[in-house]
$ cat target23.csv   # CSV, C-alpha atoms
chain,number,residue,atom,x,y,z
Z,1,MET,CA,-81.6,-42.0,6.0
Z,2,ALA,CA,-80.7,-40.4,2.7
Z,3,ALA,CA,-77.0,-40.5,3.8
Z,4,MET,CA,-76.8,-44.3,4.2
Z,5,SER,CA,-74.4,-46.2,1.9
Z,6,LEU,CA,-75.5,-48.8,-0.6
Z,7,LEU,CA,-73.8,-51.6,1.3
Z,8,GLN,CA,-75.4,-50.6,4.6
Z,9,ARG,CA,-78.9,-50.6,3.0
Z,10,ALA,CA,-78.3,-53.9,1.2
Z,11,SER,CA,-77.1,-55.5,4.5
Z,12,ILE,CA,-80.0,-54.1,6.5
Z,13,THR,CA,-82.6,-55.4,4.0
Z,14,ALA,CA,-80.8,-58.8,3.9
Z,15,LEU,CA,-80.9,-59.0,7.8
Z,16,ALA,CA,-84.4,-57.8,8.0
Z,17,ALA,CA,-85.4,-60.7,5.8
Z,18,LEU,CA,-83.9,-63.2,8.3
Z,19,PRO,CA,-85.6,-64.0,11.7
Z,20,GLY,CA,-84.8,-60.8,13.5
Z,21,ARG,CA,-84.5,-61.4,17.3
Z,22,ARG,CA,-81.9,-64.2,17.6
Z,23,LEU,CA,-79.5,-62.7,15.0
Z,24,GLY,CA,-80.0,-59.3,16.5
Z,25,THR,CA,-78.5,-60.5,19.8
Z,26,ARG,CA,-75.7,-62.4,18.2
Z,27,LEU,CA,-74.7,-59.5,16.1
Z,28,GLY,CA,-74.8,-57.2,19.1
Z,29,PHE,CA,-71.2,-57.9,20.1
Z,30,GLY,CA,-69.0,-56.0,17.7
Z,31,GLY,CA,-71.4,-55.3,15.0
Z,32,PHE,CA,-72.1,-51.8,14.0
Z,33,LEU,CA,-75.1,-53.1,12.1
Z,34,THR,CA,-77.2,-53.3,15.3
Z,35,ARG,CA,-76.7,-49.6,15.9
Z,36,GLY,CA,-79.3,-48.0,13.8
Z,37,PHE,CA,-81.7,-50.6,12.4
Z,38,PRO,CA,-84.0,-48.5,10.2
Z,39,LYS,CA,-87.3,-49.9,9.6
Z,40,THR,CA,-87.5,-48.5,6.1
Z,41,ALA,CA,-84.8,-47.5,3.5
Z,42,ALA,CA,-85.4,-44.4,1.4
Z,43,PRO,CA,-83.7,-43.9,-2.0
Z,44,VAL,CA,-81.0,-41.1,-2.2
Z,45,ARG,CA,-82.2,-38.0,-3.9
Z,46,HIS,CA,-80.3,-34.8,-5.0
Z,47,SER,CA,-80.3,-33.0,-1.7
Z,48,GLY,CA,-79.7,-29.3,-1.1
Z,49,ASP,CA,-76.7,-29.8,1.2
Z,50,HIS,CA,-73.1,-30.9,0.3
Z,51,GLY,CA,-74.3,-34.1,-1.2
Z,52,LYS,CA,-73.3,-37.7,-0.3
Z,53,ARG,CA,-70.6,-38.0,2.3
Z,54,LEU,CA,-67.6,-39.7,0.8
Z,55,PHE,CA,-64.6,-41.4,2.4
Z,56,ILE,CA,-61.9,-39.9,0.2
Z,57,ILE,CA,-58.8,-42.0,0.1
Z,58,LYS,CA,-55.6,-39.8,-0.2
Z,59,PRO,CA,-52.1,-39.8,1.4
Z,60,SER,CA,-51.8,-38.6,5.0
Z,61,GLY,CA,-51.6,-34.9,5.3
Z,62,PHE,CA,-50.9,-35.1,9.0
Z,63,TYR,CA,-47.2,-34.7,8.8
Z,64,ASP,CA,-47.2,-31.9,6.2
Z,65,LYS,CA,-49.8,-30.0,8.1
Z,66,ARG,CA,-47.9,-30.4,11.4
Z,67,PHE,CA,-44.7,-29.3,9.8
Z,68,LEU,CA,-46.3,-26.1,8.3
Z,69,THR,CA,-48.0,-25.4,11.6
Z,70,LEU,CA,-44.8,-25.7,13.6
Z,71,LEU,CA,-42.9,-23.6,11.0
Z,72,LYS,CA,-45.4,-20.8,11.2
Z,73,PHE,CA,-45.4,-20.9,15.0
Z,74,TYR,CA,-41.7,-20.8,15.4
Z,75,ILE,CA,-41.2,-18.1,12.7
Z,76,LEU,CA,-44.0,-15.9,14.3
Z,77,LEU,CA,-42.7,-16.5,17.8
Z,78,THR,CA,-39.8,-14.1,17.3
Z,79,GLY,CA,-41.0,-12.5,14.1
Z,80,VAL,CA,-44.0,-10.8,15.6
Z,81,PRO,CA,-42.2,-9.2,18.5
Z,82,VAL,CA,-39.4,-8.1,16.2
Z,83,ALA,CA,-41.9,-6.6,13.7
Z,84,ILE,CA,-43.8,-4.8,16.5
Z,85,GLY,CA,-40.5,-3.5,18.0
Z,86,ILE,CA,-39.3,-2.2,14.7
Z,87,THR,CA,-42.7,-0.6,13.9
Z,88,LEU,CA,-42.7,1.2,17.3
Z,89,ILE,CA,-39.2,2.4,16.8
Z,90,ASN,CA,-39.9,3.8,13.4
Z,91,VAL,CA,-43.1,5.5,14.6
Z,92,PHE,CA,-42.0,6.9,17.9
Z,93,ILE,CA,-38.3,7.4,17.6
Z,94,GLY,CA,-37.9,8.0,13.9
Z,95,GLU,CA,-35.0,8.2,11.5
Z,96,ALA,CA,-32.4,10.9,11.6
Z,97,GLU,CA,-32.4,13.8,9.2
Z,98,LEU,CA,-29.4,14.7,7.0
Z,99,ALA,CA,-27.6,17.9,8.0
Z,100,GLU,CA,-24.4,19.7,7.3
Z,101,ILE,CA,-21.6,19.2,9.8
Z,102,PRO,CA,-21.6,22.4,12.0
Z,103,GLU,CA,-18.4,24.4,12.2
Z,104,GLY,CA,-15.9,23.1,14.8
Z,105,TYR,CA,-18.0,20.1,15.6
Z,106,ILE,CA,-16.6,16.5,15.2
Z,107,PRO,CA,-19.6,14.1,15.1
Z,108,GLU,CA,-19.3,10.8,16.9
Z,109,HIS,CA,-19.0,7.7,14.7
Z,110,TRP,CA,-22.6,6.7,15.2
Z,111,GLU,CA,-23.9,10.0,14.1
Z,112,TYR,CA,-23.1,9.0,10.5
Z,113,PHE,CA,-26.0,6.5,10.4
Z,114,LYS,CA,-29.6,7.2,9.6
Z,115,HIS,CA,-31.8,4.5,11.3
Z,116,PRO,CA,-32.0,4.5,15.1
Z,117,ILE,CA,-31.2,0.8,15.4
Z,118,SER,CA,-28.1,1.2,13.2
Z,119,ARG,CA,-27.0,4.1,15.3
Z,120,TRP,CA,-27.5,2.0,18.5
Z,121,ILE,CA,-25.6,-0.9,17.1
Z,122,ALA,CA,-22.7,1.4,16.0
Z,123,ARG,CA,-22.7,3.1,19.4
Z,124,THR,CA,-22.8,0.0,21.5
Z,125,PHE,CA,-20.9,-2.7,19.7
Z,126,PHE,CA,-18.8,-1.4,16.9
Z,127,ASP,CA,-15.4,0.4,17.0
Z,128,CYS,CA,-15.2,3.6,15.1
Z,129,PRO,CA,-13.6,3.3,11.7
Z,130,GLU,CA,-10.9,5.8,12.7
Z,131,LYS,CA,-9.8,3.4,15.4
Z,132,ASN,CA,-9.7,0.6,13.0
Z,133,TYR,CA,-7.7,2.7,10.5
Z,134,GLU,CA,-5.2,3.7,13.1
Z,135,ARG,CA,-4.9,0.2,14.4
Z,136,THR,CA,-4.3,-1.2,10.9
Z,137,MET,CA,-1.6,1.5,10.3
Z,138,SER,CA,0.1,0.6,13.6
Z,139,VAL,CA,0.2,-3.1,12.7
Z,140,LEU,CA,1.6,-2.3,9.2
Z,141,GLN,CA,4.3,-0.1,10.7
Z,142,ILE,CA,5.3,-2.7,13.3
Z,143,GLU,CA,5.5,-5.4,10.6
Z,144,ALA,CA,7.4,-3.1,8.3
Z,145,GLU,CA,9.9,-2.3,11.0
Z,146,LYS,CA,10.3,-6.0,11.8
Z,147,ALA,CA,11.0,-6.8,8.2
Z,148,ASP,CA,13.5,-4.0,8.0
Z,149,LEU,CA,15.3,-5.2,11.1
Z,150,ARG,CA,15.4,-8.7,9.9
Z,151,LEU,CA,16.9,-7.8,6.6
Z,152,LYS,CA,19.5,-5.6,8.4
Z,153,GLU,CA,20.4,-8.4,10.7
Z,154,LEU,CA,21.1,-10.7,7.7
Z,155,GLU,CA,23.3,-8.0,6.1
Z,156,VAL,CA,25.1,-7.3,9.4
Z,157,ARG,CA,25.7,-11.0,9.9
Z,158,ARG,CA,27.1,-11.4,6.4
Z,159,LEU,CA,29.4,-8.4,6.8
Z,160,MET,CA,30.6,-9.4,10.2
Z,161,ARG,CA,31.4,-12.9,9.1
Z,162,MET,CA,33.1,-11.6,6.0
Z,163,ARG,CA,35.2,-8.8,7.7
Z,164,GLY,CA,35.6,-10.3,11.2
Z,165,ASP,CA,35.9,-7.0,12.8
Z,166,GLY,CA,32.6,-7.0,14.7
Z,167,PRO,CA,31.4,-8.5,18.0
Z,168,TRP,CA,29.7,-11.5,16.2
Z,169,TYR,CA,31.5,-14.6,14.8
Z,170,GLN,CA,34.3,-14.4,17.4
Z,171,TYR,CA,35.4,-17.9,18.3
Z,172,PRO,CA,37.7,-18.5,21.3
Z,173,THR,CA,41.0,-20.1,20.3
Z,174,ILE,CA,44.0,-21.2,22.4
Z,175,ASP,CA,46.6,-18.7,23.5
Z,176,LYS,CA,49.2,-17.9,20.9
Z,177,ALA,CA,52.0,-18.1,23.5
Z,178,LEU,CA,51.3,-21.8,24.1
Z,179,VAL,CA,52.0,-22.8,20.5
Z,180,ASP,CA,55.4,-24.2,20.0
Z,181,SER,CA,56.7,-23.4,16.5
Z,182,SER,CA,60.2,-24.8,16.9
Z,183,PRO,CA,61.1,-27.5,14.4
Z,184,LYS,CA,60.2,-31.0,15.5
Z,185,ALA,CA,62.1,-34.3,15.3
Z,186,THR,CA,59.4,-36.2,13.5
Z,187,PRO,CA,56.8,-34.8,11.0
Z,188,ASP,CA,53.8,-36.1,12.9
Z,189,ASN,CA,54.6,-34.3,16.2
Y,1,MET,CA,-44.0,13.6,0.4
Y,2,PRO,CA,-41.7,16.2,-1.1
Y,3,ASP,CA,-40.1,16.0,-4.5
Y,4,SER,CA,-36.8,14.4,-4.2
Y,5,TRP,CA,-35.2,14.9,-7.6
Y,6,ASP,CA,-33.5,17.9,-9.3
Y,7,LYS,CA,-35.8,19.3,-11.9
Y,8,ASP,CA,-33.0,20.8,-14.0
Y,9,VAL,CA,-31.3,17.5,-14.4
Y,10,TYR,CA,-34.4,15.4,-15.0
Y,11,PRO,CA,-36.8,17.8,-16.6
Y,12,GLU,CA,-40.5,16.9,-16.9
Y,13,PRO,CA,-41.9,17.3,-20.4
Y,14,PRO,CA,-44.7,20.0,-20.6
Y,15,ARG,CA,-48.1,18.6,-19.9
Y,16,ARG,CA,-50.4,18.3,-22.9
Y,17,THR,CA,-53.6,17.5,-21.0
Y,18,PRO,CA,-56.3,19.5,-22.8
Y,19,ALA,CA,-58.9,21.6,-20.8
Y,20,PRO,CA,-62.0,19.5,-20.0
Y,21,SER,CA,-64.7,20.1,-22.5
Y,22,PRO,CA,-67.5,17.6,-21.8
Y,23,GLN,CA,-69.7,16.7,-24.7
Y,24,THR,CA,-72.5,15.3,-22.4
Y,25,SER,CA,-74.3,16.7,-19.5
Y,26,LEU,CA,-73.9,13.6,-17.5
Y,27,PRO,CA,-71.7,14.0,-14.4
Y,28,ASN,CA,-68.1,12.8,-14.7
Y,29,PRO,CA,-67.5,9.6,-12.6
Y,30,ILE,CA,-63.8,10.5,-12.3
Y,31,THR,CA,-64.8,13.3,-9.9
Y,32,TYR,CA,-66.7,10.9,-7.6
Y,33,LEU,CA,-63.8,8.4,-7.8
Y,34,THR,CA,-61.2,11.1,-6.8
Y,35,LYS,CA,-63.4,12.3,-4.0
Y,36,ALA,CA,-63.9,8.7,-2.7
Y,37,PHE,CA,-60.2,8.1,-2.9
Y,38,ASP,CA,-59.5,11.3,-1.1
Y,39,PHE,CA,-62.0,10.5,1.7
Y,40,LEU,CA,-61.2,6.8,2.1
Y,41,VAL,CA,-57.5,6.6,1.5
Y,42,ASP,CA,-55.8,10.0,1.4
Y,43,ARG,CA,-57.2,11.6,4.5
Y,44,PRO,CA,-56.6,8.7,6.9
Y,45,VAL,CA,-53.1,8.2,5.6
Y,46,THR,CA,-52.4,11.9,6.0
Y,47,LEU,CA,-53.7,11.8,9.6
Y,48,VAL,CA,-51.5,8.8,10.4
Y,49,ARG,CA,-48.5,10.5,8.8
Y,50,ASP,CA,-49.1,13.7,10.7
Y,51,PHE,CA,-49.2,11.7,14.0
Y,52,ILE,CA,-46.0,10.0,13.1
Y,53,GLU,CA,-44.4,13.4,12.2
Y,54,ARG,CA,-45.4,14.9,15.5
Y,55,GLN,CA,-43.8,11.9,17.4
Y,56,HIS,CA,-40.6,12.4,15.3
Y,57,ALA,CA,-40.5,16.1,16.0
Y,58,LYS,CA,-40.2,15.4,19.8
Y,59,ASN,CA,-36.9,13.7,19.5
Y,60,ARG,CA,-35.2,14.9,16.4
Y,61,CYS,CA,-31.6,13.9,15.7
Y,62,TYR,CA,-29.3,14.3,12.7
Y,63,TYR,CA,-26.9,12.3,10.7
Y,64,TYR,CA,-24.0,13.6,8.6
Y,65,HIS,CA,-22.0,12.5,5.6
Y,66,ARG,CA,-18.4,11.5,6.1
Y,67,GLN,CA,-15.8,14.1,5.1
Y,68,PHE,CA,-12.4,12.6,4.2
Y,69,ARG,CA,-9.3,14.7,4.0
Y,70,ARG,CA,-7.1,14.4,0.9
Y,71,VAL,CA,-3.9,12.7,1.6
Y,72,PRO,CA,-0.7,12.4,-0.6
Y,73,ASP,CA,-1.2,10.2,-3.6
Y,74,ILE,CA,0.6,6.9,-4.4
Y,75,THR,CA,2.9,8.9,-6.7
Y,76,GLU,CA,4.0,11.0,-3.9
Y,77,CYS,CA,5.0,8.2,-1.6
Y,78,GLU,CA,8.5,6.9,-0.9
Y,79,GLU,CA,9.4,3.4,-1.8
Y,80,LYS,CA,9.2,1.5,1.5
Y,81,ASP,CA,6.8,4.0,3.3
Y,82,VAL,CA,3.9,1.6,4.2
Y,83,LEU,CA,1.9,4.2,6.0
Y,84,CYS,CA,1.9,6.6,3.1
Y,85,MET,CA,1.1,3.7,0.7
Y,86,PHE,CA,-1.8,2.5,3.0
Y,87,GLU,CA,-3.4,6.0,3.2
Y,88,ALA,CA,-3.0,6.4,-0.6
Y,89,GLU,CA,-4.5,3.0,-1.2
Y,90,MET,CA,-7.5,3.8,1.0
Y,91,GLN,CA,-8.0,7.1,-0.8
Y,92,TRP,CA,-7.8,5.4,-4.1
Y,93,ARG,CA,-10.5,2.9,-3.1
Y,94,ARG,CA,-12.8,5.7,-2.0
Y,95,ASP,CA,-12.2,7.4,-5.3
Y,96,TYR,CA,-12.9,4.2,-7.1
Y,97,LYS,CA,-16.3,3.9,-5.4
Y,98,VAL,CA,-17.1,7.6,-6.1
Y,99,ASP,CA,-16.2,7.0,-9.8
Y,100,GLN,CA,-18.6,4.0,-10.0
Y,101,GLU,CA,-21.4,6.1,-8.6
Y,102,ILE,CA,-20.6,8.9,-11.0
Y,103,VAL,CA,-20.9,6.5,-13.9
Y,104,ASN,CA,-24.2,5.2,-12.5
Y,105,ILE,CA,-25.6,8.7,-12.2
Y,106,ILE,CA,-24.6,9.6,-15.8
Y,107,GLN,CA,-26.2,6.3,-16.9
Y,108,GLU,CA,-29.4,7.1,-15.0
Y,109,ARG,CA,-29.6,10.5,-16.7
Y,110,MET,CA,-29.2,8.9,-20.1
Y,111,GLN,CA,-31.9,6.3,-19.3
Y,112,ALA,CA,-34.3,8.9,-18.0
Y,113,CYS,CA,-33.8,10.9,-21.2
Y,114,GLN,CA,-34.4,7.9,-23.3
Y,115,GLN,CA,-37.6,7.1,-21.3
Y,116,ARG,CA,-38.8,10.7,-21.7
Y,117,GLU,CA,-38.2,10.9,-25.4
Y,118,GLY,CA,-39.4,7.5,-26.4
Y,119,GLU,CA,-38.7,6.5,-30.0
Y,120,SER,CA,-36.8,9.7,-30.9
Y,121,TYR,CA,-34.2,9.4,-28.2
Y,122,LYS,CA,-31.2,9.2,-30.6
Y,123,GLN,CA,-31.6,12.8,-31.8
Y,124,ASN,CA,-33.1,14.4,-28.7
Y,125,CYS,CA,-30.8,12.9,-26.2
Y,126,ALA,CA,-27.5,13.4,-28.1
Y,127,ASN,CA,-25.9,15.3,-25.2
Y,128,GLU,CA,-26.7,12.7,-22.6
Y,129,LEU,CA,-25.6,9.9,-24.9
Y,130,GLU,CA,-22.3,11.6,-25.7
Y,131,GLN,CA,-21.6,12.4,-22.1
Y,132,PHE,CA,-22.2,8.8,-21.1
Y,133,ALA,CA,-20.0,7.6,-23.9
Y,134,ARG,CA,-17.2,9.9,-22.8
Y,135,VAL,CA,-17.5,9.1,-19.1
Y,136,SER,CA,-17.7,5.3,-19.6
Y,137,LYS,CA,-14.7,5.4,-21.9
Y,138,ALA,CA,-12.7,7.3,-19.3
Y,139,TYR,CA,-13.8,4.9,-16.6
Y,140,GLN,CA,-12.8,2.0,-18.8
Y,141,ASP,CA,-9.4,3.4,-19.5
Y,142,ARG,CA,-8.7,3.9,-15.9
Y,143,TYR,CA,-10.3,1.0,-14.1
Y,144,HIS,CA,-11.1,-1.8,-16.5
Y,145,ASP,CA,-9.2,-5.1,-16.4
Y,146,LEU,CA,-7.5,-4.4,-13.1
Y,147,GLY,CA,-9.1,-7.6,-11.7
Y,148,ALA,CA,-10.6,-8.4,-8.3
Y,149,HIS,CA,-7.4,-7.6,-6.4
Y,150,CYS,CA,-7.2,-4.1,-7.8
Y,151,SER,CA,-5.0,-1.6,-6.0
Y,152,ALA,CA,-3.6,1.9,-6.5
Y,153,ARG,CA,-0.3,0.4,-7.6
Y,154,LYS,CA,-1.9,-1.7,-10.3
Y,155,CYS,CA,-3.9,1.3,-11.5
Y,156,LEU,CA,-0.7,3.4,-11.6
Y,157,ALA,CA,1.0,0.6,-13.6
Y,158,LYS,CA,-1.9,0.6,-16.1
Y,159,GLN,CA,-1.6,4.4,-16.4
Y,160,LYS,CA,2.1,3.9,-17.2
Y,161,GLN,CA,1.3,1.4,-19.9
Y,162,ARG,CA,-1.3,3.8,-21.3
Y,163,MET,CA,1.2,6.7,-21.4
Y,164,LEU,CA,3.8,4.4,-23.1
Y,165,ALA,CA,1.2,3.4,-25.7
Y,166,GLU,CA,0.4,7.1,-26.3
Y,167,ARG,CA,4.0,7.9,-26.6
Y,168,GLU,CA,4.5,5.2,-29.2
Y,169,ALA,CA,1.4,6.3,-31.1
Y,170,ALA,CA,2.7,9.9,-31.1
Y,171,LYS,CA,6.1,8.8,-32.3
Y,172,GLU,CA,4.6,6.8,-35.1
Y,173,ALA,CA,2.3,9.7,-36.0
Y,174,ALA,CA,5.3,12.0,-36.1
Y,175,ALA,CA,7.3,9.6,-38.1
Y,176,ALA,CA,4.5,9.1,-40.6

$ encode --input "target23.csv" --output "structure tokens"
Amino acid sequence: MAAMSLLQRASITALAALPGRRLGTRLGFGGFLTRGFPKTAAPVRHSGDHGKRLFIIKPSGFYDKRFLTLLKFYILLTGVPVAIGITLINVFIGEAELAEIPEGYIPEHWEYFKHPISRWIARTFFDCPEKNYERTMSVLQIEAEKADLRLKELEVRRLMRMRGDGPWYQYPTIDKALVDSSPKATPDN
Amino acid sequence: MPDSWDKDVYPEPPRRTPAPSPQTSLPNPITYLTKAFDFLVDRPVTLVRDFIERQHAKNRCYYYHRQFRRVPDITECEEKDVLCMFEAEMQWRRDYKVDQEIVNIIQERMQACQQREGESYKQNCANELEQFARVSKAYQDRYHDLGAHCSARKCLAKQKQRMLAEREAAKEAAAA
């Protein structure tokens, strides 16, 4: 009773003044006013609970709330197992300790890392840096040899063309014996 | 957790906490607070840490620091020898990183000294300040202004320019 709105109370008092029965049946269709017809209306006092219920008009928070809920869900979906896994690895397997390299022992390339996950990744997926180094040096040597050979080929080509004593730049010509060098009757023979 | 820093390099100043001489007969609340902290925080944390250490002790493994051999320098390489130049370049890059870390360590020592001494750091920290000035001047002479595509060749060229400038200055000083 104390939580009724001013409009509701005013309408109820207005309807109660009219002849009740007929209008009560007519208003019964969609009217919410037939729901709770109080016989008396009490004034609103300062009550001990949260106070008068208000219909607060504000923009819809549905979409923002849904977005944040979904964001939290999808982040935690893989985040929580990953965090649990890393915690278990740190507790039960533990990080490596620093030590001097023993005499005559060559450590594998993953034994230069501290954390067990780094060691696993280096052991399973990555090539050792020595292999990368050697591969780079081999590529450099091949390219350097190719460049050298190309420069040499240009020089050889120039010299052979100039001197004419090499196997390149030899063009077939007609036989010398077939050439008739005797004086001719007309100049255009 | 063990101490991790070298006490000779970063000395702690002597403690000047006076002996307790209570003026009242009321009990000191600090005692109760330390006991509460010890009971509520320190002991559970120590128990958990001991459990973790026991688990670690079961499968203990070690990691090492990389040891690189010294290879011939860029000055000892022939002209078209790409392999020698590549190895010298890689060694120069490693030495560049090492020099950066050296400068950082000297700077940390100077900063620690300044933090220790407070307002009077200019007199008391003269050694550290002078050492840092020397080291940073040397680093600047060798590596400054080489650019993003720095290499051993460019560093060598910078050294050549420096030596030429020194020779000019010596000649002028001898002439004057």

$ interface_residues --input "target23.csv" --of "chain Y" --to "chain Z" --cutoff "12 Å" --atoms "all atoms listed in the file" --output "PyMOL selection string"
chain Y and resi 48-68+80-87+89-90

$ atom_distance --input "target23.csv" --atom1 "CA of Tyr169 in chain Z" --atom2 "CA of Val156 in chain Z"
11.1 Å

$ atom_distance --input "target23.csv" --atom1 "CA of Leu88 in chain Z" --atom2 "CA of Leu40 in chain Y"
24.6 Å

$ closest_residue --input "target23.csv" --among "Y:Thr75, Y:Ser136, Y:Thr24, Y:Asn127" --to "Asn104 in chain Y" --atoms "only C-alpha atoms"
Y:Ser136
